[in-house]
Amino acid sequence: MISVVIPAYNAEQTLDSCLRAFSRQTISSDSFEVIVVDDGSTDRTAEIAQRFPIRYIYQENHGPATARNYGAGVSKGDVLLFTDSDCIPTHSWIEEMVAPFHQKEVMAVKGAYRTEQREIVARFAQIEFEERFYLLEKAGKTDMVDTYSAGYRRHIFHELNGFNSRFPEANNEDTELSYRMTALRLRMVFNPRAIVFHLRHPDSVIRYARLKFSRGYWRMLVYRQFPGKMIQETYTPKSLKLQIFAFFLMVTTLPLPFFLPGWGLIILLATLCLFTGSIVPFALFSFQKDTVVGLYAPFLLAVR
């Protein structure tokens, strides 16, 4: 048996599309169950969920980490799959998520995102993921399993007490669990064929900036627990870390030309060149994927 757990909070706009996808899976409906954990919604989430042949559970609002743990606790499957209420799994999603578990040493599986959004910022956000997917395929492993498309062996998930409920929103609770698994040298793999379509990439610069700030804030809390991951991990491109460092240097050296005529300008130009050079790989990758997004990439990378 396979259990699919979906936390939902005020998900009336997307939950119907999400749940319809499970009536069209390539494996028999008798081989999996779908559990929706309503995290204290105040809209029509409950009404929509109960239209489908799934298990509906309600809890007071405690955040998606607690909701996922609740669903996993009442599930029956030997394999636990997680996705989000604003994602639409492809027809073969369950089959592809489960396939790597045929290898006994695999303890967790990460799937892939796609989007059909046409806003430039949303397309840029998708290309960010595409870059990471490319690097993970080359690495042949991952140390990060995102909950939009995640799978775990049941016994491992429960032995590690699932997601850390001190994360009150859908932000880096999956990173924290992934790093705990990495510390135990548990094997996690990426399957690019296990695809969900995401309906809500940020579609404006302001929403994108807010999302990045939030992710950065919660990621720093995880790094406090696993400081070594600030330097070495498979999921975050090394170019991104170089960009952060270079941008910080560039901003801090902006006043130098006023205080150190001559040398100050040289140092500022050097840091500008460092940042520019650090964005070249992603900019070229973006051009290959989407020419228009490639033109906006330098600006959006600075925002990032």
# chains A, B, ... in the order shown; residues from 1 in each chain; ligands from 1
>>> residues_around(residues="range 74-88 of chain A", least_positions_apart="5", cutoff="6 Å", atoms="only C-alpha atoms", output="list in words")
Met1, Ile2, Ser3, Val4, Val5, Ile6, Ala8, Thr14, Leu15, Cys18, Thr147, Tyr148, Ser149, Ala150, Gly151, Tyr152, Arg153, Arg154, Val196, Phe197, His198 and Leu199 of chain A
>>> select_by_dssp(residues="range 98-206 of chain A", states="helix (DSSP H, G or I)", output="PDB file with C-alpha atoms, in the first residue's frame")
ATOM      1  CA  VAL A  98       7.681   4.523  -5.987  1.00  0.00           C
ATOM      2  CA  ALA A  99      10.015   3.066  -8.645  1.00  0.00           C
ATOM      3  CA  PRO A 100      13.340   4.012  -6.942  1.00  0.00           C
ATOM      4  CA  PHE A 101      12.233   2.263  -3.749  1.00  0.00           C
ATOM      5  CA  HIS A 102      12.789  -1.047  -5.534  1.00  0.00           C
ATOM      6  CA  ILE A 120       8.152  36.207 -16.622  1.00  0.00           C
ATOM      7  CA  VAL A 121       8.922  35.957 -12.902  1.00  0.00           C
ATOM      8  CA  ALA A 122       7.140  32.594 -12.666  1.00  0.00           C
ATOM      9  CA  ARG A 123       9.090  31.330 -15.676  1.00  0.00           C
ATOM     10  CA  PHE A 124      12.303  32.538 -14.037  1.00  0.00           C
ATOM     11  CA  ALA A 125      11.397  30.686 -10.812  1.00  0.00           C
ATOM     12  CA  GLN A 126      10.837  27.533 -12.859  1.00  0.00           C
ATOM     13  CA  ILE A 127      14.234  27.850 -14.543  1.00  0.00           C
ATOM     14  CA  GLU A 128      15.802  28.106 -11.090  1.00  0.00           C
ATOM     15  CA  PHE A 129      14.387  24.661 -10.389  1.00  0.00           C
ATOM     16  CA  GLU A 130      15.433  23.394 -13.807  1.00  0.00           C
ATOM     17  CA  GLU A 131      19.041  24.362 -13.062  1.00  0.00           C
ATOM     18  CA  ARG A 132      18.940  22.408  -9.809  1.00  0.00           C
ATOM     19  CA  PHE A 133      17.333  19.417 -11.492  1.00  0.00           C
ATOM     20  CA  TYR A 134      20.129  19.420 -14.065  1.00  0.00           C
ATOM     21  CA  LEU A 135      22.777  19.419 -11.322  1.00  0.00           C
ATOM     22  CA  LEU A 136      21.008  16.671  -9.368  1.00  0.00           C
ATOM     23  CA  GLU A 137      20.832  14.422 -12.424  1.00  0.00           C
ATOM     24  CA  LYS A 138      24.583  14.852 -12.882  1.00  0.00           C
ATOM     25  CA  ALA A 139      25.220  14.133  -9.195  1.00  0.00           C
ATOM     26  CA  ARG A 154       7.434   4.694   6.316  1.00  0.00           C
ATOM     27  CA  HIS A 155       9.712   3.228   8.969  1.00  0.00           C
ATOM     28  CA  ILE A 156      12.447   5.811   8.356  1.00  0.00           C
ATOM     29  CA  PHE A 157       9.987   8.709   8.407  1.00  0.00           C
ATOM     30  CA  HIS A 158       8.584   7.621  11.772  1.00  0.00           C
ATOM     31  CA  GLU A 159      11.971   6.760  13.255  1.00  0.00           C
ATOM     32  CA  GLU A 173      10.799  21.899   7.172  1.00  0.00           C
ATOM     33  CA  ASP A 174      11.625  19.514   4.329  1.00  0.00           C
ATOM     34  CA  THR A 175      15.215  20.818   4.236  1.00  0.00           C
ATOM     35  CA  GLU A 176      15.626  20.143   7.956  1.00  0.00           C
ATOM     36  CA  LEU A 177      14.375  16.557   7.623  1.00  0.00           C
ATOM     37  CA  SER A 178      16.558  16.011   4.546  1.00  0.00           C
ATOM     38  CA  TYR A 179      19.677  17.178   6.390  1.00  0.00           C
ATOM     39  CA  ARG A 180      18.891  14.876   9.311  1.00  0.00           C
ATOM     40  CA  MET A 181      18.687  12.007   6.836  1.00  0.00           C
ATOM     41  CA  THR A 182      21.939  13.075   5.187  1.00  0.00           C
ATOM     42  CA  ALA A 183      23.671  13.157   8.579  1.00  0.00           C
ATOM     43  CA  VAL A 205       8.997  40.741  -8.458  1.00  0.00           C
ATOM     44  CA  ILE A 206       7.557  41.719  -5.064  1.00  0.00           C
TER      45      ILE A 206
END
>>> residues_around(residues="Tyr296 in chain A", least_positions_apart="4", cutoff="10 Å", atoms="only C-alpha atoms", output="list in words")
Ile120, Val121, Phe124, Ala283, Ser286, Phe287, Thr291, Val292, Leu300 and Leu301 of chain A
>>> residues_around(residues="Ile54 in chain A", least_positions_apart="2", cutoff="10 Å", atoms="only C-alpha atoms", output="list in words")
Val4, Leu19, Phe22, Glu33, Val34, Ile35, Val36, Ala49, Gln50, Arg51, Phe52, Tyr56 and Ile57 of chain A
>>> residues_around(residues="range 237-244 of chain A", least_positions_apart="2", cutoff="6 Å", atoms="only C-alpha atoms", output="list in words")
Ala246, Phe247, Phe275 and Ser278 of chain A
>>> closest_residue(among="A:Trp93, A:Phe213, A:Gln25, A:Leu269", to="Leu256 in chain A", atoms="only C-alpha atoms")
A:Leu269
>>> select_by_dssp(residues="range 42-217 of chain A", states="strand (DSSP E)", output="PDB file with N, CA and C atoms, in the first residue's frame")
ATOM      1  N   ARG A  55      -9.511  10.167   2.067  1.00  0.00           N
ATOM      2  CA  ARG A  55      -9.702  10.280   3.513  1.00  0.00           C
ATOM      3  C   ARG A  55      -9.467  11.730   3.916  1.00  0.00           C
ATOM      4  N   TYR A  56     -10.480  12.335   4.490  1.00  0.00           N
ATOM      5  CA  TYR A  56     -10.393  13.747   4.889  1.00  0.00           C
ATOM      6  C   TYR A  56     -10.247  13.843   6.404  1.00  0.00           C
ATOM      7  N   ILE A  57      -9.266  14.628   6.843  1.00  0.00           N
ATOM      8  CA  ILE A  57      -9.022  14.840   8.271  1.00  0.00           C
ATOM      9  C   ILE A  57      -8.912  16.330   8.523  1.00  0.00           C
ATOM     10  N   TYR A  58      -9.494  16.780   9.607  1.00  0.00           N
ATOM     11  CA  TYR A  58      -9.422  18.194   9.983  1.00  0.00           C
ATOM     12  C   TYR A  58      -8.576  18.339  11.244  1.00  0.00           C
ATOM     13  N   GLN A  59      -7.735  19.384  11.265  1.00  0.00           N
ATOM     14  CA  GLN A  59      -7.024  19.740  12.484  1.00  0.00           C
ATOM     15  C   GLN A  59      -7.062  21.261  12.639  1.00  0.00           C
ATOM     16  N   VAL A  79       5.058   3.022   1.971  1.00  0.00           N
ATOM     17  CA  VAL A  79       5.716   4.172   1.351  1.00  0.00           C
ATOM     18  C   VAL A  79       4.804   5.372   1.524  1.00  0.00           C
ATOM     19  N   LEU A  80       5.390   6.470   2.009  1.00  0.00           N
ATOM     20  CA  LEU A  80       4.639   7.709   2.202  1.00  0.00           C
ATOM     21  C   LEU A  80       5.028   8.708   1.118  1.00  0.00           C
ATOM     22  N   LEU A  81       4.037   9.210   0.403  1.00  0.00           N
ATOM     23  CA  LEU A  81       4.266  10.240  -0.602  1.00  0.00           C
ATOM     24  C   LEU A  81       3.594  11.526  -0.147  1.00  0.00           C
ATOM     25  N   PHE A  82       4.242  12.645  -0.450  1.00  0.00           N
ATOM     26  CA  PHE A  82       3.697  13.948  -0.104  1.00  0.00           C
ATOM     27  C   PHE A  82       3.681  14.844  -1.339  1.00  0.00           C
ATOM     28  N   THR A  83       2.612  15.587  -1.480  1.00  0.00           N
ATOM     29  CA  THR A  83       2.577  16.680  -2.434  1.00  0.00           C
ATOM     30  C   THR A  83       1.751  17.795  -1.819  1.00  0.00           C
ATOM     31  N   CYS A  87      -0.501  21.658  -6.287  1.00  0.00           N
ATOM     32  CA  CYS A  87       0.248  20.893  -7.287  1.00  0.00           C
ATOM     33  C   CYS A  87      -0.669  19.891  -7.970  1.00  0.00           C
ATOM     34  N   ILE A  88      -0.406  19.630  -9.251  1.00  0.00           N
ATOM     35  CA  ILE A  88      -1.169  18.634 -10.005  1.00  0.00           C
ATOM     36  C   ILE A  88      -0.205  17.537 -10.453  1.00  0.00           C
ATOM     37  N   PRO A  89      -0.253  16.372  -9.832  1.00  0.00           N
ATOM     38  CA  PRO A  89       0.632  15.279 -10.255  1.00  0.00           C
ATOM     39  C   PRO A  89       0.277  14.782 -11.657  1.00  0.00           C
ATOM     40  N   VAL A 106      17.533   2.821  -0.983  1.00  0.00           N
ATOM     41  CA  VAL A 106      16.893   4.132  -1.164  1.00  0.00           C
ATOM     42  C   VAL A 106      15.872   4.356  -0.059  1.00  0.00           C
ATOM     43  N   MET A 107      16.033   5.465   0.669  1.00  0.00           N
ATOM     44  CA  MET A 107      15.143   5.781   1.786  1.00  0.00           C
ATOM     45  C   MET A 107      14.206   6.951   1.489  1.00  0.00           C
ATOM     46  N   ALA A 108      14.552   7.757   0.489  1.00  0.00           N
ATOM     47  CA  ALA A 108      13.699   8.901   0.144  1.00  0.00           C
ATOM     48  C   ALA A 108      13.868   9.234  -1.329  1.00  0.00           C
ATOM     49  N   VAL A 109      12.808   9.777  -1.922  1.00  0.00           N
ATOM     50  CA  VAL A 109      12.805  10.111  -3.351  1.00  0.00           C
ATOM     51  C   VAL A 109      12.267  11.526  -3.526  1.00  0.00           C
ATOM     52  N   LYS A 110      12.921  12.249  -4.406  1.00  0.00           N
ATOM     53  CA  LYS A 110      12.506  13.614  -4.748  1.00  0.00           C
ATOM     54  C   LYS A 110      12.030  13.641  -6.196  1.00  0.00           C
ATOM     55  N   GLY A 111      10.887  14.259  -6.434  1.00  0.00           N
ATOM     56  CA  GLY A 111      10.395  14.421  -7.787  1.00  0.00           C
ATOM     57  C   GLY A 111      10.674  15.820  -8.320  1.00  0.00           C
ATOM     58  N   ALA A 112      10.043  16.164  -9.445  1.00  0.00           N
ATOM     59  CA  ALA A 112      10.341  17.422 -10.144  1.00  0.00           C
ATOM     60  C   ALA A 112       9.095  18.286 -10.287  1.00  0.00           C
ATOM     61  N   TYR A 113       9.348  19.582 -10.407  1.00  0.00           N
ATOM     62  CA  TYR A 113       8.341  20.622 -10.649  1.00  0.00           C
ATOM     63  C   TYR A 113       8.280  20.971 -12.133  1.00  0.00           C
ATOM     64  N   ARG A 114       7.104  21.332 -12.585  1.00  0.00           N
ATOM     65  CA  ARG A 114       6.952  22.073 -13.832  1.00  0.00           C
ATOM     66  C   ARG A 114       5.844  23.096 -13.630  1.00  0.00           C
ATOM     67  N   SER A 149       6.924  17.125  -3.943  1.00  0.00           N
ATOM     68  CA  SER A 149       6.986  15.821  -4.605  1.00  0.00           C
ATOM     69  C   SER A 149       7.998  14.976  -3.857  1.00  0.00           C
ATOM     70  N   ALA A 150       7.557  14.394  -2.742  1.00  0.00           N
ATOM     71  CA  ALA A 150       8.478  13.700  -1.831  1.00  0.00           C
ATOM     72  C   ALA A 150       7.969  12.312  -1.498  1.00  0.00           C
ATOM     73  N   GLY A 151       8.916  11.395  -1.318  1.00  0.00           N
ATOM     74  CA  GLY A 151       8.572  10.044  -0.899  1.00  0.00           C
ATOM     75  C   GLY A 151       9.552   9.531   0.140  1.00  0.00           C
ATOM     76  N   TYR A 152       9.039   8.801   1.127  1.00  0.00           N
ATOM     77  CA  TYR A 152       9.872   8.248   2.193  1.00  0.00           C
ATOM     78  C   TYR A 152       9.414   6.829   2.520  1.00  0.00           C
ATOM     79  N   ARG A 153      10.358   6.003   2.912  1.00  0.00           N
ATOM     80  CA  ARG A 153       9.960   4.733   3.510  1.00  0.00           C
ATOM     81  C   ARG A 153       9.315   5.039   4.862  1.00  0.00           C
ATOM     82  N   ARG A 187      20.322   7.108   1.927  1.00  0.00           N
ATOM     83  CA  ARG A 187      20.353   7.414   0.494  1.00  0.00           C
ATOM     84  C   ARG A 187      19.051   8.047   0.037  1.00  0.00           C
ATOM     85  N   MET A 188      19.178   9.201  -0.610  1.00  0.00           N
ATOM     86  CA  MET A 188      18.047   9.905  -1.199  1.00  0.00           C
ATOM     87  C   MET A 188      18.352  10.140  -2.668  1.00  0.00           C
ATOM     88  N   VAL A 189      17.361   9.935  -3.529  1.00  0.00           N
ATOM     89  CA  VAL A 189      17.599  10.046  -4.967  1.00  0.00           C
ATOM     90  C   VAL A 189      16.579  10.976  -5.608  1.00  0.00           C
ATOM     91  N   PHE A 190      16.926  11.448  -6.781  1.00  0.00           N
ATOM     92  CA  PHE A 190      16.074  12.334  -7.565  1.00  0.00           C
ATOM     93  C   PHE A 190      15.568  11.587  -8.778  1.00  0.00           C
ATOM     94  N   ASN A 191      14.246  11.625  -8.994  1.00  0.00           N
ATOM     95  CA  ASN A 191      13.657  11.029 -10.192  1.00  0.00           C
ATOM     96  C   ASN A 191      12.995  12.140 -11.008  1.00  0.00           C
ATOM     97  N   PRO A 192      13.626  12.593 -12.085  1.00  0.00           N
ATOM     98  CA  PRO A 192      13.073  13.718 -12.872  1.00  0.00           C
ATOM     99  C   PRO A 192      11.776  13.367 -13.592  1.00  0.00           C
ATOM    100  N   ARG A 193      11.417  12.090 -13.624  1.00  0.00           N
ATOM    101  CA  ARG A 193      10.176  11.683 -14.303  1.00  0.00           C
ATOM    102  C   ARG A 193       8.965  11.701 -13.362  1.00  0.00           C
ATOM    103  N   ALA A 194       9.215  11.908 -12.074  1.00  0.00           N
ATOM    104  CA  ALA A 194       8.115  12.011 -11.108  1.00  0.00           C
ATOM    105  C   ALA A 194       7.709  13.479 -11.017  1.00  0.00           C
ATOM    106  N   ILE A 195       6.781  13.878 -11.871  1.00  0.00           N
ATOM    107  CA  ILE A 195       6.521  15.299 -12.113  1.00  0.00           C
ATOM    108  C   ILE A 195       5.184  15.749 -11.539  1.00  0.00           C
ATOM    109  N   VAL A 196       5.211  16.908 -10.895  1.00  0.00           N
ATOM    110  CA  VAL A 196       3.971  17.612 -10.552  1.00  0.00           C
ATOM    111  C   VAL A 196       4.025  18.997 -11.197  1.00  0.00           C
ATOM    112  N   PHE A 197       2.863  19.486 -11.585  1.00  0.00           N
ATOM    113  CA  PHE A 197       2.771  20.847 -12.114  1.00  0.00           C
ATOM    114  C   PHE A 197       2.364  21.772 -10.973  1.00  0.00           C
ATOM    115  N   HIS A 198       3.174  22.807 -10.772  1.00  0.00           N
ATOM    116  CA  HIS A 198       2.912  23.764  -9.702  1.00  0.00           C
ATOM    117  C   HIS A 198       2.080  24.910 -10.253  1.00  0.00           C
TER     118      HIS A 198
END
>>> atom_distance(atom1="CA of Phe167 in chain A", atom2="CA of Ala46 in chain A")
23.8 Å
>>> closest_residue(among="A:Asn164, A:Thr253, A:Gln232, A:Ser204", to="Val303 in chain A", atoms="only C-alpha atoms")
A:Ser204
>>> closest_residue(among="A:Lys141, A:Ser41, A:Thr26, A:Thr66", to="Thr90 in chain A", atoms="only C-alpha atoms")
A:Thr26
>>> residues_around(residues="Gln13 in chain A", least_positions_apart="3", cutoff="9 Å", atoms="only C-alpha atoms", output="list in words")
Asn10, Asp16, Ser17, Arg44, Thr45 and Asp86 of chain A
>>> write_last_selection(atoms="N, CA, C and O atoms", output="tab-separated table (two decimals), in the first residue's frame")
chain	number	residue	atom	x	y	z
A	10	ASN	N	-6.91	26.60	3.23
A	10	ASN	CA	-7.63	27.54	2.35
A	10	ASN	C	-7.25	27.28	0.90
A	10	ASN	O	-6.81	28.18	0.17
A	16	ASP	N	-9.30	21.00	-6.04
A	16	ASP	CA	-10.06	20.17	-6.97
A	16	ASP	C	-9.16	19.62	-8.08
A	16	ASP	O	-9.18	18.42	-8.37
A	17	SER	N	-8.34	20.49	-8.68
A	17	SER	CA	-7.44	20.05	-9.75
A	17	SER	C	-6.42	19.05	-9.22
A	17	SER	O	-6.07	18.08	-9.90
A	44	ARG	N	-13.78	26.80	1.41
A	44	ARG	CA	-14.52	25.61	0.99
A	44	ARG	C	-13.62	24.38	0.82
A	44	ARG	O	-13.99	23.42	0.16
A	45	THR	N	-12.46	24.39	1.45
A	45	THR	CA	-11.54	23.26	1.32
A	45	THR	C	-12.20	21.95	1.72
A	45	THR	O	-12.09	20.93	1.01
A	86	ASP	N	-1.55	22.80	-4.06
A	86	ASP	CA	-1.46	23.63	-5.27
A	86	ASP	C	-0.60	22.98	-6.34
A	86	ASP	O	-0.03	23.66	-7.19
>>> atom_distance(atom1="CA of Val145 in chain A", atom2="CA of Pro53 in chain A")
27.7 Å
